[in-house]
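Below: one structure, written as structure tokens.
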Amino acid sequence: MRLHTYWRSTAAWRVRIALNLKGLDWQSLPVHLVRDGGEQRREPFLRLNPQGLVPVLEDDGLVLPQSLAIIEYLDETHPEPPLLPADPPGRARVRGLAQLVACDIHPLNNLRVLHYLRDHGGLNDAQRDQWYRHWVLEGLRALEARLAGKSATGRYCHGDTPGLADCVVVPQVYNARRYAVELAPFPTVLRIEAACAELEAFRHAAPEVQPDA
């Protein structure tokens with residue numbers, strides 16, 4: 001497997017965690033999202049993903065974009081250890097937690113949106129960072145409420161084994177720290193992040209240990 005990735009892309013980071021949790025062999029193919037206007041905008045990469053976004057997974061001729069789709073593909077083709085619960089209510093809960101971050105927080109704050117706000121929206125750096133923090137706080141408040149005190153929440157987002165939701169939550173917390181978001185109001189999220197940090201699969205997926213860092 002070949003993963004087109006960028007060391008600090010939260011979407012690519014999700015997939016790196018999933019690949020590691022599955023114990024799969026994979027090759028990192030870095031795509032620099034900033035240098036010289038961004039390698040993701042060049043024709044070779046656009047042939048793989050016309051959106052010009054990472055991650056992209058290549059597996060035996062199959063080319064897959066979109067982090068959540070990739071993770072579910074990995075879970076279906078390599079079912080052990082599972083990243084989704086066996087029961088439909090559990091799967092729905094985990095997907096909902098993951099989508100809260102991947103669909104409602106991340107799209108408002110990814111690199112291309114932040115660049116657009118700076119270059120075309122008239123926001124200075126302080127205003128752009130305020131935008132970022134506002135939407136992260138909105139999302140993390142909802143995430144904390146959906147995790148805290150719930151019987152389905154265990155050591156991790158769902159039960160006592162890491163799964164899809166954890167793959168998505170951990171990179172988002174990292175990015176929140178980058179932008180100085182106050183995280184003390186989210187003790188359940190922080191507890192889960194700390195539990196994940198003890199696992200080799202998460203540590204080896206972290207941005208600072210990637211070959212393109």
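Quick note on naming: the chains in the structure tokens go A, B, ... in the order shown, residues restart at 1 in each chain, and ligands are numbered from 1 in order of appearance.
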
Give me, as a list in words, all polymer residues having an atom no more than 10 Å from Asp212 of chain A, counting only C-alpha atoms and skipping those fewer than 2 positions away in the same chain.
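Listed by chain and then number, they are Thr5, Tyr6, Trp7, Arg8, Ser28, Leu29, Pro30, Val31, His32, Pro207, Glu208, Val209 and Gln210 of chain A.
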
List the neighbours of segment 166-172 of chain A out to 7 Å using only C-alpha atoms; skip same-chain residues closer than 3 positions along the sequence, and give me the result as a VMD selection string.
chain A and resid 10 13 to 14 17 to 18 98 101 to 102 156 to 157 162 to 163 175 to 176 193

Would you put the residues from that selection into a file with N, CA and C atoms, as an mmCIF file, in the first residue's frame?
data_model
loop_
_atom_site.group_PDB
_atom_site.id
_atom_site.type_symbol
_atom_site.label_atom_id
_atom_site.label_comp_id
_atom_site.auth_asym_id
_atom_site.auth_seq_id
_atom_site.Cartn_x
_atom_site.Cartn_y
_atom_site.Cartn_z
ATOM 1 N N THR A 10 -4.212 16.614 8.978
ATOM 2 C CA THR A 10 -4.973 15.814 9.926
ATOM 3 C C THR A 10 -5.716 14.685 9.231
ATOM 4 N N TRP A 13 -3.241 11.984 8.570
ATOM 5 C CA TRP A 13 -2.857 11.427 9.876
ATOM 6 C C TRP A 13 -3.866 10.375 10.314
ATOM 7 N N ARG A 14 -5.153 10.627 10.100
ATOM 8 C CA ARG A 14 -6.182 9.630 10.453
ATOM 9 C C ARG A 14 -5.880 8.279 9.800
ATOM 10 N N ILE A 17 -2.863 6.421 11.268
ATOM 11 C CA ILE A 17 -3.217 5.717 12.504
ATOM 12 C C ILE A 17 -3.922 4.404 12.182
ATOM 13 N N ALA A 18 -4.892 4.456 11.275
ATOM 14 C CA ALA A 18 -5.661 3.256 10.938
ATOM 15 C C ALA A 18 -4.767 2.174 10.354
ATOM 16 N N ALA A 98 -16.990 10.472 14.514
ATOM 17 C CA ALA A 98 -15.955 10.782 13.520
ATOM 18 C C ALA A 98 -16.399 11.902 12.588
ATOM 19 N N VAL A 101 -16.218 15.611 13.723
ATOM 20 C CA VAL A 101 -14.921 16.251 13.503
ATOM 21 C C VAL A 101 -14.637 16.399 12.016
ATOM 22 N N ALA A 102 -14.749 15.302 11.272
ATOM 23 C CA ALA A 102 -14.291 15.289 9.880
ATOM 24 C C ALA A 102 -15.191 16.095 8.953
ATOM 25 N N TYR A 156 -11.522 4.592 25.314
ATOM 26 C CA TYR A 156 -11.450 5.322 24.048
ATOM 27 C C TYR A 156 -12.836 5.878 23.721
ATOM 28 N N CYS A 157 -13.006 6.418 22.544
ATOM 29 C CA CYS A 157 -14.274 7.057 22.204
ATOM 30 C C CYS A 157 -15.456 6.093 22.299
ATOM 31 N N PRO A 162 -9.305 1.078 20.595
ATOM 32 C CA PRO A 162 -9.314 2.250 19.721
ATOM 33 C C PRO A 162 -9.990 1.934 18.384
ATOM 34 N N GLY A 163 -10.620 2.950 17.810
ATOM 35 C CA GLY A 163 -11.322 2.731 16.560
ATOM 36 C C GLY A 163 -11.363 3.971 15.691
ATOM 37 N N ASN A 175 -4.263 19.837 16.373
ATOM 38 C CA ASN A 175 -4.426 21.101 15.663
ATOM 39 C C ASN A 175 -4.999 22.179 16.569
ATOM 40 N N ALA A 176 -5.899 21.798 17.461
ATOM 41 C CA ALA A 176 -6.437 22.777 18.398
ATOM 42 C C ALA A 176 -5.316 23.378 19.235
ATOM 43 N N GLU A 193 -7.483 11.207 24.393
ATOM 44 C CA GLU A 193 -6.252 11.511 23.651
ATOM 45 C C GLU A 193 -5.033 10.947 24.377
#

Which residues are close to Leu123 of chain A, i.e. within 12 Å by only C-alpha atoms, leaving aside same-chain residues fewer than 6 positions away? Reply as a list in words.
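That gives Val113, Leu114, His115, Tyr116, Leu117, Asp129, Gln130, Trp131 and Tyr132 of chain A.
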
Keeping only N, CA and C atoms, write those residues as a short mmCIF file (atom, residue, chain, number, x, y, z; two decimals), in the first residue's frame.
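File produced: result.cif:
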data_model
loop_
_atom_site.label_atom_id
_atom_site.label_comp_id
_atom_site.auth_asym_id
_atom_site.auth_seq_id
_atom_site.Cartn_x
_atom_site.Cartn_y
_atom_site.Cartn_z
N VAL A 113 -9.03 26.61 3.18
CA VAL A 113 -9.99 27.59 3.70
C VAL A 113 -9.25 28.73 4.39
N LEU A 114 -8.26 28.39 5.22
CA LEU A 114 -7.51 29.42 5.92
C LEU A 114 -6.77 30.33 4.94
N HIS A 115 -6.23 29.75 3.87
CA HIS A 115 -5.56 30.57 2.86
C HIS A 115 -6.56 31.48 2.15
N TYR A 116 -7.75 30.96 1.87
CA TYR A 116 -8.75 31.79 1.19
C TYR A 116 -9.18 32.96 2.08
N LEU A 117 -9.36 32.69 3.36
CA LEU A 117 -9.75 33.76 4.28
C LEU A 117 -8.68 34.85 4.33
N ASP A 129 -7.11 33.30 12.87
CA ASP A 129 -6.95 32.39 13.99
C ASP A 129 -8.19 32.40 14.88
N GLN A 130 -8.83 33.56 15.02
CA GLN A 130 -10.06 33.63 15.80
C GLN A 130 -11.15 32.79 15.14
N TRP A 131 -11.24 32.86 13.81
CA TRP A 131 -12.17 32.00 13.06
C TRP A 131 -11.90 30.54 13.39
N TYR A 132 -10.64 30.14 13.32
CA TYR A 132 -10.27 28.76 13.58
C TYR A 132 -10.72 28.33 14.98
#

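For the set A:Ala197, A:Leu21, A:Leu57, A:Val136, the residue with the smallest atom-to-atom gap to Val181 of chain A is A:Val136, counting only C-alpha atoms.
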
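Atom pair atom CA of Tyr174 of chain A / atom CA of Leu64 of chain A has a distance of 25.1 Å (rounded to one decimal).
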